[in-house]
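File shown: input-v5.cif. Contents: mmCIF, C-alpha atoms.
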```cif
data_run
#
loop_
_atom_site.label_atom_id
_atom_site.label_comp_id
_atom_site.auth_asym_id
_atom_site.auth_seq_id
_atom_site.Cartn_x
_atom_site.Cartn_y
_atom_site.Cartn_z
CA MET A 1 15.57 -11.01 -0.01
CA LEU A 2 16.55 -11.37 3.63
CA GLY A 3 20.17 -12.08 4.55
CA THR A 4 21.93 -12.50 7.87
CA ASP A 5 24.64 -9.99 7.07
CA SER A 6 24.41 -6.26 7.54
CA HIS A 7 25.75 -5.76 4.02
CA THR A 8 23.05 -7.85 2.35
CA PRO A 9 21.82 -4.56 0.74
CA ASN A 10 24.78 -4.91 -1.64
CA ALA A 11 22.20 -6.64 -3.88
CA GLY A 12 20.49 -3.28 -4.34
CA GLY A 13 23.09 -2.80 -7.06
CA LEU A 14 21.07 -5.34 -9.04
CA GLY A 15 17.76 -3.69 -8.26
CA MET A 16 16.86 -6.05 -5.42
CA LEU A 17 15.19 -5.03 -2.19
CA ALA A 18 17.67 -6.90 0.01
CA ILE A 19 17.54 -6.45 3.78
CA GLY A 20 20.01 -7.57 6.42
CA VAL A 21 18.32 -9.16 9.44
CA GLY A 22 19.16 -11.08 12.59
CA GLY A 23 19.31 -14.85 12.64
CA ALA A 24 15.96 -15.20 14.40
CA ASP A 25 14.23 -13.15 11.71
CA ALA A 26 15.80 -15.27 8.99
CA VAL A 27 14.67 -18.47 10.72
CA ASP A 28 11.12 -17.11 10.89
CA ALA A 29 11.15 -16.50 7.16
CA MET A 30 12.62 -19.95 6.49
CA ALA A 31 9.80 -21.45 8.58
CA ASP A 32 7.24 -19.64 6.39
CA ILE A 33 6.34 -17.18 9.15
CA PRO A 34 5.59 -13.69 7.74
CA TRP A 35 8.45 -11.27 8.32
CA GLU A 36 7.30 -7.97 9.76
CA LEU A 37 8.80 -4.53 10.26
CA LYS A 38 7.53 -1.02 10.74
CA ALA A 39 6.76 0.47 7.33
CA PRO A 40 9.94 2.39 6.43
CA ARG A 41 10.18 5.93 5.16
CA VAL A 42 11.52 6.31 1.62
CA LEU A 43 14.47 8.65 1.26
CA GLY A 44 15.11 9.66 -2.33
CA VAL A 45 18.65 10.47 -3.47
CA GLN A 46 18.71 12.22 -6.82
CA LEU A 47 21.96 11.74 -8.74
CA ARG A 48 22.79 14.24 -11.45
CA GLY A 49 25.58 14.38 -14.00
CA LYS A 50 28.51 11.99 -14.21
CA LEU A 51 31.49 11.23 -11.99
CA HIS A 52 34.71 12.98 -12.99
CA GLU A 53 37.77 10.94 -14.00
CA TRP A 54 39.09 10.52 -10.44
CA GLY A 55 35.61 9.82 -9.06
CA ASN A 56 34.35 6.49 -7.77
CA PRO A 57 30.81 5.44 -6.78
CA LYS A 58 32.22 5.03 -3.26
CA ASP A 59 32.36 8.83 -3.09
CA VAL A 60 28.56 8.97 -3.33
CA ILE A 61 27.97 7.00 -0.15
CA LEU A 62 30.88 8.63 1.67
CA ALA A 63 29.34 12.06 1.03
CA LEU A 64 25.86 10.80 1.89
CA ALA A 65 27.11 9.35 5.18
CA GLY A 66 28.55 12.76 5.97
CA LYS A 67 25.12 14.31 5.44
CA LEU A 68 22.99 11.70 7.18
CA THR A 69 25.38 10.47 9.95
CA VAL A 70 25.23 6.88 11.17
CA ARG A 71 21.63 7.33 12.32
CA GLY A 72 20.14 9.46 9.56
CA GLY A 73 18.93 6.55 7.46
CA THR A 74 17.38 4.60 10.31
CA GLY A 75 13.87 3.42 9.50
CA SER A 76 14.27 4.38 5.84
CA ILE A 77 14.79 2.75 2.48
CA ILE A 78 17.14 4.80 0.33
CA GLU A 79 16.08 4.89 -3.31
CA TYR A 80 18.42 6.37 -5.89
CA PHE A 81 17.06 8.05 -9.00
CA GLY A 82 17.94 10.72 -11.54
CA ASP A 83 19.87 10.98 -14.80
CA GLY A 84 23.16 10.24 -13.03
CA VAL A 85 22.09 6.69 -12.21
CA ASN A 86 22.64 5.41 -15.75
CA SER A 87 26.27 6.57 -15.68
CA LEU A 88 27.14 4.13 -12.88
CA SER A 89 28.28 0.54 -13.27
CA CYS A 90 26.33 -2.28 -11.67
CA THR A 91 29.17 -3.04 -9.25
CA GLY A 92 29.46 0.67 -8.48
CA MET A 93 25.81 0.79 -7.49
CA ALA A 94 26.40 -2.29 -5.34
CA THR A 95 29.17 -0.39 -3.55
CA ILE A 96 26.79 2.45 -2.74
CA CYS A 97 24.03 0.13 -1.52
CA ASN A 98 26.49 -1.96 0.46
CA MET A 99 27.59 0.94 2.62
CA GLY A 100 24.04 2.19 3.12
CA ALA A 101 24.16 0.02 6.23
CA GLU A 102 26.54 2.58 7.72
CA VAL A 103 23.82 5.25 7.79
CA GLY A 104 21.35 2.86 9.43
CA ALA A 105 19.15 2.41 6.36
CA THR A 106 16.78 -0.56 6.18
CA THR A 107 18.17 -1.08 2.69
CA SER A 108 19.11 0.84 -0.47
CA VAL A 109 18.00 0.22 -4.03
CA PHE A 110 18.65 1.38 -7.59
CA PRO A 111 16.28 1.15 -10.56
CA TYR A 112 17.11 -1.41 -13.23
CA THR A 113 19.69 -0.03 -15.68
CA PRO A 114 21.59 -1.19 -18.79
CA SER A 115 24.72 -1.71 -16.67
CA MET A 116 22.81 -4.30 -14.63
CA ALA A 117 21.93 -6.11 -17.86
CA ARG A 118 25.59 -6.09 -18.89
CA TYR A 119 26.63 -7.51 -15.53
CA LEU A 120 23.99 -10.24 -15.64
CA ALA A 121 25.14 -11.25 -19.11
CA ALA A 122 28.79 -11.29 -18.00
CA THR A 123 27.92 -13.58 -15.09
CA GLN A 124 25.99 -16.16 -17.13
CA ARG A 125 22.55 -14.74 -16.33
CA ALA A 126 21.57 -13.22 -19.65
CA ALA A 127 18.12 -14.82 -19.45
CA ILE A 128 17.38 -12.82 -16.31
CA ALA A 129 18.49 -9.64 -18.06
CA THR A 130 16.15 -10.39 -20.97
CA ALA A 131 13.22 -10.88 -18.59
CA ALA A 132 14.10 -7.72 -16.67
CA ASP A 133 14.42 -5.68 -19.88
CA ALA A 134 10.81 -6.51 -20.69
CA GLN A 135 9.60 -5.24 -17.31
CA GLN A 136 11.94 -2.29 -16.80
CA ALA A 137 9.51 0.51 -17.64
CA SER A 138 6.54 -1.02 -15.80
CA TYR A 139 8.05 -2.32 -12.58
CA LEU A 140 11.80 -1.84 -12.25
CA SER A 141 12.18 1.94 -12.26
CA ALA A 142 10.43 4.91 -10.73
CA ASP A 143 7.28 6.15 -12.45
CA ALA A 144 7.63 9.24 -14.61
CA GLN A 145 5.65 11.40 -12.20
CA VAL A 146 8.09 10.55 -9.39
CA ALA A 147 11.03 11.87 -11.38
CA ALA A 148 9.02 14.97 -12.31
CA ASP A 149 8.08 15.85 -8.73
CA PRO A 150 10.19 13.77 -6.31
CA ALA A 151 9.35 15.86 -3.23
CA LYS A 152 5.73 14.76 -3.59
CA TYR A 153 6.55 11.07 -3.37
CA TYR A 154 9.62 10.76 -1.16
CA ASP A 155 9.67 11.54 2.55
CA GLU A 156 12.97 13.36 2.02
CA VAL A 157 15.03 14.19 -1.06
CA ILE A 158 18.80 14.69 -1.17
CA ASP A 159 20.42 16.00 -4.33
CA ILE A 160 23.98 14.98 -5.32
CA ASP A 161 25.77 16.36 -8.38
CA LEU A 162 28.20 13.64 -9.46
CA SER A 163 30.16 16.01 -11.69
CA THR A 164 31.25 18.15 -8.72
CA LEU A 165 31.54 15.35 -6.16
CA GLU A 166 35.05 15.06 -4.74
CA PRO A 167 36.76 11.89 -3.55
CA GLY A 168 36.09 11.62 0.16
CA TYR A 169 37.83 10.31 3.26
CA ASN A 170 35.59 9.21 6.14
CA GLY A 171 37.04 8.74 9.58
CA PRO A 172 38.70 8.11 11.86
CA PHE A 173 36.73 5.80 14.17
CA THR A 174 33.36 6.40 12.50
CA PRO A 175 32.15 6.01 8.89
CA ASP A 176 30.23 9.31 8.85
CA LEU A 177 33.02 11.83 9.52
CA TYR A 178 33.38 13.07 5.94
CA THR A 179 36.27 15.13 4.62
CA PRO A 180 36.51 15.99 0.90
CA ARG A 181 39.94 15.44 -0.66
CA SER A 182 40.50 19.19 -1.20
CA LYS A 183 40.27 19.79 2.56
CA MET A 184 42.01 16.64 3.74
CA SER A 185 45.55 18.01 3.94
CA ASP A 186 44.53 20.99 6.06
CA THR A 187 42.22 18.87 8.23
CA VAL A 188 45.04 16.44 9.01
CA LYS A 189 46.98 19.36 10.50
CA THR A 190 44.13 21.00 12.39
CA GLU A 191 42.90 17.70 13.87
CA GLY A 192 46.38 16.49 14.72
CA TRP A 193 45.90 13.19 12.87
CA SER A 194 48.95 11.07 12.13
CA ASP A 195 49.89 12.04 8.58
CA LYS A 196 52.05 8.97 7.88
CA VAL A 197 50.08 6.11 6.31
CA SER A 198 51.24 2.86 7.89
CA ALA A 199 49.03 0.66 5.71
CA ALA A 200 46.89 1.01 2.58
CA LEU A 201 44.24 -1.65 2.00
CA ILE A 202 42.00 -2.40 -0.98
CA GLY A 203 39.22 -4.95 -0.70
CA SER A 204 36.16 -5.92 1.36
CA CYS A 205 32.66 -6.61 0.07
CA THR A 206 32.37 -2.87 -0.65
CA ASN A 207 35.19 -2.20 -3.11
CA SER A 208 36.74 -5.27 -4.69
CA SER A 209 35.04 -5.44 -8.07
CA TYR A 210 36.88 -5.84 -11.35
CA GLN A 211 36.31 -2.17 -12.15
CA ASP A 212 37.70 -1.08 -8.78
CA LEU A 213 40.81 -3.21 -9.11
CA SER A 214 41.47 -2.42 -12.76
CA ARG A 215 41.31 1.33 -12.13
CA ALA A 216 43.65 1.10 -9.15
CA ALA A 217 45.99 -1.12 -11.17
CA SER A 218 46.23 1.56 -13.86
CA LEU A 219 47.78 3.87 -11.26
CA ALA A 220 50.10 1.09 -10.06
CA ARG A 221 51.36 0.60 -13.62
CA GLN A 222 52.16 4.29 -13.93
CA ALA A 223 54.24 4.10 -10.75
CA SER A 224 56.10 0.92 -11.69
CA ALA A 225 56.91 2.35 -15.12
CA ARG A 226 58.84 5.08 -13.26
CA GLY A 227 60.57 2.56 -11.00
CA LEU A 228 58.44 3.54 -8.03
CA ARG A 229 57.10 1.28 -5.28
CA VAL A 230 54.86 1.96 -2.29
CA ALA A 231 56.19 4.51 0.16
CA GLU A 232 58.74 3.33 2.69
CA GLY A 233 57.02 2.18 5.88
CA THR A 234 53.64 1.72 4.15
CA GLU A 235 52.17 -1.76 3.84
CA PHE A 236 49.96 -2.33 0.80
CA LEU A 237 47.41 -5.17 1.01
CA VAL A 238 44.78 -6.29 -1.50
CA SER A 239 41.86 -8.63 -0.73
CA PRO A 240 40.06 -9.94 -3.86
CA GLY A 241 36.29 -10.00 -3.54
CA SER A 242 35.87 -13.59 -4.68
CA GLU A 243 37.75 -16.49 -6.24
CA GLN A 244 36.36 -15.39 -9.60
CA ILE A 245 37.76 -11.89 -9.12
CA ARG A 246 41.09 -13.26 -7.89
CA ALA A 247 41.49 -15.52 -10.90
CA THR A 248 40.47 -12.78 -13.33
CA MET A 249 42.82 -10.18 -11.84
CA GLU A 250 45.65 -12.73 -12.03
CA ARG A 251 44.88 -13.58 -15.66
CA ASP A 252 44.56 -9.94 -16.74
CA GLY A 253 47.78 -8.75 -15.11
CA ILE A 254 46.13 -6.74 -12.35
CA GLN A 255 47.74 -8.80 -9.60
CA GLU A 256 51.10 -8.44 -11.31
CA ALA A 257 50.66 -4.67 -11.47
CA PHE A 258 49.97 -4.51 -7.72
CA GLU A 259 52.82 -6.83 -6.78
CA ALA A 260 55.23 -4.81 -8.94
CA ILE A 261 54.89 -1.90 -6.54
CA GLY A 262 55.09 -4.05 -3.40
CA ALA A 263 51.54 -5.24 -2.75
CA LYS A 264 50.67 -8.40 -0.88
CA VAL A 265 47.55 -10.14 -2.22
CA LEU A 266 45.56 -11.80 0.55
CA ALA A 267 42.96 -14.55 0.58
CA ASN A 268 39.49 -14.12 -0.92
CA ALA A 269 37.89 -13.16 2.37
CA CYS A 270 36.75 -10.27 4.53
CA GLY A 271 40.35 -10.03 5.71
CA PRO A 272 41.45 -6.91 7.60
CA CYS A 273 38.03 -5.30 7.06
CA ILE A 274 36.60 -7.54 9.78
CA GLY A 275 39.82 -7.88 11.78
CA GLN A 276 41.35 -10.91 10.06
CA TRP A 277 44.73 -9.22 10.03
CA ASN A 278 47.68 -10.63 11.96
CA ARG A 279 49.43 -7.37 12.70
CA ASP A 280 50.43 -8.21 16.27
CA GLU A 281 54.17 -8.08 15.61
CA ASN A 282 53.98 -4.63 14.04
CA PRO A 283 55.30 -2.08 16.55
CA VAL A 284 52.30 0.22 16.06
CA VAL A 285 50.04 -2.58 17.29
CA LYS A 286 52.38 -4.11 19.86
CA ASN A 287 52.94 -0.70 21.45
CA LYS A 288 49.41 0.57 20.70
CA GLU A 289 50.88 3.53 18.83
CA THR A 290 48.72 6.11 17.11
CA ASN A 291 48.87 5.48 13.37
CA SER A 292 46.80 6.02 10.24
CA ILE A 293 45.66 3.50 7.68
CA VAL A 294 43.65 4.12 4.51
CA SER A 295 41.21 1.53 3.23
CA SER A 296 38.39 0.97 0.77
CA PHE A 297 36.39 -0.79 3.52
CA ASN A 298 32.97 0.14 4.92
CA ARG A 299 33.59 0.36 8.66
CA ASN A 300 36.36 1.85 10.73
CA PHE A 301 35.35 1.65 14.38
CA ARG A 302 38.08 1.76 17.00
CA ALA A 303 40.22 -1.41 17.18
CA ARG A 304 38.12 -3.15 14.52
CA ASN A 305 40.82 -3.81 11.95
CA ASP A 306 43.95 -4.72 13.91
CA GLY A 307 42.96 -4.70 17.60
CA ASN A 308 44.81 -1.44 18.23
CA PRO A 309 42.42 1.23 19.58
CA ASN A 310 44.80 3.92 18.31
CA THR A 311 44.76 2.85 14.66
CA MET A 312 42.87 5.49 12.69
CA ASN A 313 41.20 4.05 9.59
CA PHE A 314 40.12 6.46 6.85
CA LEU A 315 37.60 5.02 4.38
CA THR A 316 37.97 6.06 0.76
CA SER A 317 37.95 4.74 -2.81
CA PRO A 318 40.47 2.18 -4.17
CA GLU A 319 42.01 4.90 -6.33
CA MET A 320 42.68 7.11 -3.31
CA VAL A 321 44.01 4.11 -1.38
CA LEU A 322 46.51 3.45 -4.15
CA GLY A 323 47.50 7.10 -4.11
CA ALA A 324 48.04 6.95 -0.35
CA ALA A 325 50.17 3.81 -0.75
CA LEU A 326 52.46 5.64 -3.18
CA GLY A 327 52.52 8.99 -1.38
CA GLY A 328 52.70 7.50 2.11
CA ARG A 329 50.82 10.41 3.68
CA LEU A 330 47.20 11.36 4.30
CA SER A 331 48.07 14.85 3.11
CA PHE A 332 49.23 13.55 -0.29
CA ASN A 333 46.66 14.38 -2.96
CA PRO A 334 47.16 12.05 -5.94
CA MET A 335 45.09 14.33 -8.15
CA THR A 336 47.37 17.35 -7.75
CA ASP A 337 50.60 16.45 -5.92
CA SER A 338 53.77 15.11 -7.49
CA LEU A 339 55.73 11.94 -6.79
CA VAL A 340 59.45 11.42 -7.25
CA ASP A 341 60.47 8.49 -9.43
CA ALA A 342 63.51 6.20 -9.22
CA LYS A 343 65.60 8.73 -11.18
CA GLY A 344 64.74 11.58 -8.86
CA GLN A 345 62.39 13.23 -11.32
CA SER A 346 58.99 14.49 -10.21
CA PHE A 347 55.84 13.45 -12.01
CA LYS A 348 52.09 13.47 -11.50
CA LEU A 349 49.75 10.53 -11.87
CA GLU A 350 47.40 10.53 -14.83
CA PRO A 351 43.72 9.90 -13.95
CA PRO A 352 42.89 6.21 -13.45
CA SER A 353 41.21 4.12 -16.11
CA GLY A 354 39.73 0.65 -16.14
CA ASP A 355 37.08 -1.62 -17.55
CA GLU A 356 33.60 -1.94 -16.10
CA LEU A 357 33.73 -5.68 -16.85
CA PRO A 358 36.55 -7.94 -18.04
CA THR A 359 36.68 -7.88 -21.84
CA ARG A 360 37.53 -11.60 -21.91
CA GLY A 361 34.88 -12.53 -19.39
CA TYR A 362 35.41 -13.71 -15.85
CA ALA A 363 37.87 -16.50 -15.16
CA THR A 364 36.46 -19.41 -13.21
CA GLY A 365 39.36 -19.83 -10.83
CA ARG A 366 39.97 -22.79 -8.57
CA THR A 367 37.14 -25.30 -8.41
CA GLU A 368 38.60 -27.83 -5.97
CA TYR A 369 35.66 -27.58 -3.60
CA GLU A 370 32.84 -29.95 -4.42
CA PRO A 371 29.76 -30.34 -2.22
CA LEU A 372 29.07 -33.78 -0.78
CA LEU A 373 26.25 -34.88 -3.03
CA ASP A 374 25.85 -38.19 -1.20
CA HIS A 375 25.59 -36.67 2.29
CA GLN A 376 23.23 -38.57 4.56
CA PRO A 377 21.81 -36.61 7.54
CA SER A 378 21.79 -39.76 9.67
CA LYS A 379 25.50 -40.33 9.12
CA PRO A 380 27.47 -39.08 12.17
CA ILE A 381 30.12 -36.39 11.77
CA PRO A 382 33.21 -37.30 13.82
CA ILE A 383 34.24 -34.59 16.29
CA SER A 384 37.08 -35.15 18.71
CA PRO A 385 35.90 -35.18 22.34
CA SER A 386 38.91 -33.02 23.22
CA SER A 387 38.16 -30.36 20.62
CA THR A 388 37.98 -26.84 22.01
CA ARG A 389 36.52 -25.40 18.79
CA LEU A 390 33.82 -27.84 17.66
CA GLN A 391 30.93 -29.48 19.41
CA THR A 392 27.77 -31.30 18.44
CA LEU A 393 24.67 -29.16 18.59
CA GLU A 394 21.98 -30.48 20.87
CA ALA A 395 18.31 -30.11 19.95
CA PHE A 396 16.46 -27.27 21.67
CA VAL A 397 13.83 -28.14 24.25
CA PRO A 398 10.46 -27.87 22.47
CA TRP A 399 8.62 -24.62 23.12
CA ASN A 400 5.75 -25.04 25.56
CA GLY A 401 3.56 -22.54 23.74
CA GLN A 402 3.82 -19.90 26.48
CA GLU A 403 5.32 -16.45 26.04
CA PHE A 404 8.49 -15.64 27.97
CA SER A 405 8.07 -13.62 31.18
CA ASN A 406 10.38 -12.07 33.77
CA THR A 407 13.27 -12.08 31.32
CA ARG A 408 16.42 -10.28 32.32
CA VAL A 409 17.84 -7.26 30.47
CA LEU A 410 21.49 -8.11 29.92
CA VAL A 411 22.80 -4.68 28.96
CA THR A 412 21.64 -1.15 28.21
CA VAL A 413 23.79 1.29 26.27
CA GLN A 414 24.07 4.99 25.53
CA GLY A 415 25.64 6.98 22.74
CA LYS A 416 27.10 5.55 19.53
CA CYS A 417 26.90 1.82 20.17
CA THR A 418 28.10 -0.05 17.10
CA THR A 419 27.92 -3.62 15.93
CA ASP A 420 31.54 -3.95 16.97
CA HIS A 421 30.57 -3.23 20.56
CA ILE A 422 27.80 -5.82 20.35
CA SER A 423 29.69 -8.52 18.46
CA ALA A 424 33.34 -7.66 18.57
CA ALA A 425 35.60 -8.13 15.59
CA GLY A 426 39.16 -6.87 15.75
CA LYS A 427 41.38 -8.88 18.09
CA TRP A 428 38.75 -11.59 18.47
CA LEU A 429 39.39 -12.67 14.90
#
```
Translate the structure described by the file into structure tokens.
Amino acid sequence: MLGTDSHTPNAGGLGMLAIGVGGADAVDAMADIPWELKAPRVLGVQLRGKLHEWGNPKDVILALAGKLTVRGGTGSIIEYFGDGVNSLSCTGMATICNMGAEVGATTSVFPYTPSMARYLAATQRAAIATAADAQQASYLSADAQVAADPAKYYDEVIDIDLSTLEPGYNGPFTPDLYTPRSKMSDTVKTEGWSDKVSAALIGSCTNSSYQDLSRAASLARQASARGLRVAEGTEFLVSPGSEQIRATMERDGIQEAFEAIGAKVLANACGPCIGQWNRDENPVVKNKETNSIVSSFNRNFRARNDGNPNTMNFLTSPEMVLGAALGGRLSFNPMTDSLVDAKGQSFKLEPPSGDELPTRGYATGRTEYEPLLDHQPSKPIPISPSSTRLQTLEAFVPWNGQEFSNTRVLVTVQGKCTTDHISAAGKWL
């Protein structure tokens, strides 16, 4: 599948070879023109063991980004394999594939697993799961000889032991600056980062699944049971991944658990991840102050989230974001450090827990939108002549069949040029 979004590889969590492309490439494919690219390398990532109780699939890609950097996956398809794969949820694998874009990979993909079948069944696609089950051994997983001798078949092999993998924090200003949780407190001091967390944000297309939200909510419930809310001066925002997720988290009490500790639930949208965050009246933005935020997003380039070039965004898992919201500091380790409840007594959070899929199925949510089934292409769409936001598209001049010549280079760049430099988000949204 081709998609015009850099995070199209999210579908690798369902075993699909999904590649993000530019609009022109997508139009070629829609016009039945063969899509071409240089044959990619195949980078094998072998997953062993099982994530510990504080672990999240997000930690896999955070650690991998630290190894590969933002360029290390360029020209490669990342294929995950190994006994650890079957321990991951379908949405967890989607999280890993989603953020593969941040290492420059062409795409990322997982073999078909039972968790994919469970997800398909839960989303009214059981027939697809049945068909996939019949082809799993033949076509939807690596051949036995690949698992036996991966170095022979992959261009490069990286080994990750899930059982020893720590929660990670990547940032600031780049998604490949990896710091394991055990070293985060000391690194904050040595790097001179702002320890105070001004905002904690859960959401984005990377980490807003039911499993992500239910696990984070389990920590929120522990805090509210002790009369505790988010730390003073820390804003806690949650962006549901879809209307279906929003409705389900509302029905199952997840939204209530977040709001009980002071969360604000935003619209079902990219939200602050892509800069849709009206933070202009906040002094840290108005005065361009240095401040730290913690998010479960996928990108953290300078000024991307709130337009302030001095906002340092550290990418981590939803569980660690919730911990940061309660502790209010980057140096707070929710796995080992204590909080003080409303009665002045110290306590430690128990490890998070949550369901892979909602036990009562997904709620449908609002269904007000209905497509115009009687739309007629010849019928004009009224646009105000004074509109500064909308205009009628004019047809392109037909191509004369000649190749372009003497075209002008508009810009050349050096160093780490990101998509945010090319197509700015942040204050522009």
What does the PyMOL selection byres ((chain A and resi 269-275) around 12) select in this file, as a ChimeraX atom specification? /A:7,199-208,236-243,245-246,265-268,276-280,293-308,313-315,419-420,423-429
Filtering to C-alpha atoms, could you give me those residues as a short mmCIF file (atom, residue, chain, number, x, y, z; two decimals), keeping the file's coordinate frame?
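This went into out24.cif:
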```
data_model
loop_
_atom_site.label_atom_id
_atom_site.label_comp_id
_atom_site.auth_asym_id
_atom_site.auth_seq_id
_atom_site.Cartn_x
_atom_site.Cartn_y
_atom_site.Cartn_z
CA HIS A 7 25.75 -5.76 4.02
CA ALA A 199 49.03 0.66 5.71
CA ALA A 200 46.89 1.01 2.58
CA LEU A 201 44.24 -1.65 2.00
CA ILE A 202 42.00 -2.40 -0.98
CA GLY A 203 39.22 -4.95 -0.70
CA SER A 204 36.16 -5.92 1.36
CA CYS A 205 32.66 -6.61 0.07
CA THR A 206 32.37 -2.87 -0.65
CA ASN A 207 35.19 -2.20 -3.11
CA SER A 208 36.74 -5.27 -4.69
CA PHE A 236 49.96 -2.33 0.80
CA LEU A 237 47.41 -5.17 1.01
CA VAL A 238 44.78 -6.29 -1.50
CA SER A 239 41.86 -8.63 -0.73
CA PRO A 240 40.06 -9.94 -3.86
CA GLY A 241 36.29 -10.00 -3.54
CA SER A 242 35.87 -13.59 -4.68
CA GLU A 243 37.75 -16.49 -6.24
CA ILE A 245 37.76 -11.89 -9.12
CA ARG A 246 41.09 -13.26 -7.89
CA VAL A 265 47.55 -10.14 -2.22
CA LEU A 266 45.56 -11.80 0.55
CA ALA A 267 42.96 -14.55 0.58
CA ASN A 268 39.49 -14.12 -0.92
CA GLN A 276 41.35 -10.91 10.06
CA TRP A 277 44.73 -9.22 10.03
CA ASN A 278 47.68 -10.63 11.96
CA ARG A 279 49.43 -7.37 12.70
CA ASP A 280 50.43 -8.21 16.27
CA ILE A 293 45.66 3.50 7.68
CA VAL A 294 43.65 4.12 4.51
CA SER A 295 41.21 1.53 3.23
CA SER A 296 38.39 0.97 0.77
CA PHE A 297 36.39 -0.79 3.52
CA ASN A 298 32.97 0.14 4.92
CA ARG A 299 33.59 0.36 8.66
CA ASN A 300 36.36 1.85 10.73
CA PHE A 301 35.35 1.65 14.38
CA ARG A 302 38.08 1.76 17.00
CA ALA A 303 40.22 -1.41 17.18
CA ARG A 304 38.12 -3.15 14.52
CA ASN A 305 40.82 -3.81 11.95
CA ASP A 306 43.95 -4.72 13.91
CA GLY A 307 42.96 -4.70 17.60
CA ASN A 308 44.81 -1.44 18.23
CA ASN A 313 41.20 4.05 9.59
CA PHE A 314 40.12 6.46 6.85
CA LEU A 315 37.60 5.02 4.38
CA THR A 419 27.92 -3.62 15.93
CA ASP A 420 31.54 -3.95 16.97
CA SER A 423 29.69 -8.52 18.46
CA ALA A 424 33.34 -7.66 18.57
CA ALA A 425 35.60 -8.13 15.59
CA GLY A 426 39.16 -6.87 15.75
CA LYS A 427 41.38 -8.88 18.09
CA TRP A 428 38.75 -11.59 18.47
CA LEU A 429 39.39 -12.67 14.90
#
```
Could you write out as a compact mmCIF listing (two decimals) with C-alpha atoms, in the coordinates of the input the residues that the PyMOL selection byres ((chain A and resi 229) around 10) matches in the shown file?
```txt
# COMPACT_ATOMS: atom_id res chain seq x y z
CA ALA A 220 50.10 1.09 -10.06
CA ALA A 223 54.24 4.10 -10.75
CA SER A 224 56.10 0.92 -11.69
CA ALA A 225 56.91 2.35 -15.12
CA ARG A 226 58.84 5.08 -13.26
CA GLY A 227 60.57 2.56 -11.00
CA LEU A 228 58.44 3.54 -8.03
CA VAL A 230 54.86 1.96 -2.29
CA ALA A 231 56.19 4.51 0.16
CA GLU A 232 58.74 3.33 2.69
CA PHE A 258 49.97 -4.51 -7.72
CA GLU A 259 52.82 -6.83 -6.78
CA ALA A 260 55.23 -4.81 -8.94
CA ILE A 261 54.89 -1.90 -6.54
CA GLY A 262 55.09 -4.05 -3.40
CA ALA A 263 51.54 -5.24 -2.75
CA ALA A 325 50.17 3.81 -0.75
CA LEU A 326 52.46 5.64 -3.18
CA GLY A 327 52.52 8.99 -1.38
CA ASP A 341 60.47 8.49 -9.43
CA ALA A 342 63.51 6.20 -9.22
```
Write out as a PyMOL selection string which residues come within 8 Å of region 158-173 of chain A when counting all atoms listed in the file, dropping same-chain ones fewer than 5 positions away. chain A and resi 43-52+54-56+59-60+62-63+66+84+178-182+184+300-302+312-317+320
Looking at all atoms listed in the file, which of A:Gly73, A:Leu14, A:Thr388, A:Ala148 is the one that sits closest to Tyr119 (chain A)?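 Looking only at the distances to Tyr119 (chain A), the closest residue turns out to be A:Leu14.
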Can you list, as a PyMOL selection string, the residues that the PyMOL selection byres ((chain A and resi 122) around 12) selects here? chain A and resi 90+115-121+123-129+210+356-363
State, in Å with one decimal place, the distance from CA of Thr418 (chain A) to CA of Thr8 (chain A). 17.4 Å
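From CA of Ile96 (chain A) back to CA of Ser141 (chain A), the distance works out to 17.4 Å.
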So the first atom is CA of Val42 (chain A) and the second is CA of Asp155 (chain A); what is the distance between them in Å, to one decimal place?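 Rounded to one decimal, the two atoms are 5.6 Å apart.
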Residues within 7 Å of Ser331 (chain A), please, as a list in words. Count only C-alpha atoms; anything in the same chain fewer than 4 positions from it doesn't count. Met184, Ser185, Val188 and Asp195 of chain A
Output C-alpha atoms for every residue in the selection just made, as a PDB file, in the coordinates of the input.
```pdb
ATOM      1  CA  MET A 184      42.010  16.640   3.740  1.00  0.00           C
ATOM      2  CA  SER A 185      45.550  18.010   3.940  1.00  0.00           C
ATOM      3  CA  VAL A 188      45.040  16.440   9.010  1.00  0.00           C
ATOM      4  CA  ASP A 195      49.890  12.040   8.580  1.00  0.00           C
TER       5      ASP A 195
END
```
Using all atoms listed in the file, which residues sit within 9 Å of Met16 (chain A) once same-chain residues fewer than 3 positions away are excluded, as an NGL selection string? :A and (1 or 9-13 or 108-111)
Would you mind telling me which residue in A:Gly365, A:Pro114, A:Gly192, A:Gly233 lies nearest to Thr248 (chain A) when using all atoms listed in the file?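 The shortest atom-to-atom distance to Thr248 (chain A) comes from A:Gly365.
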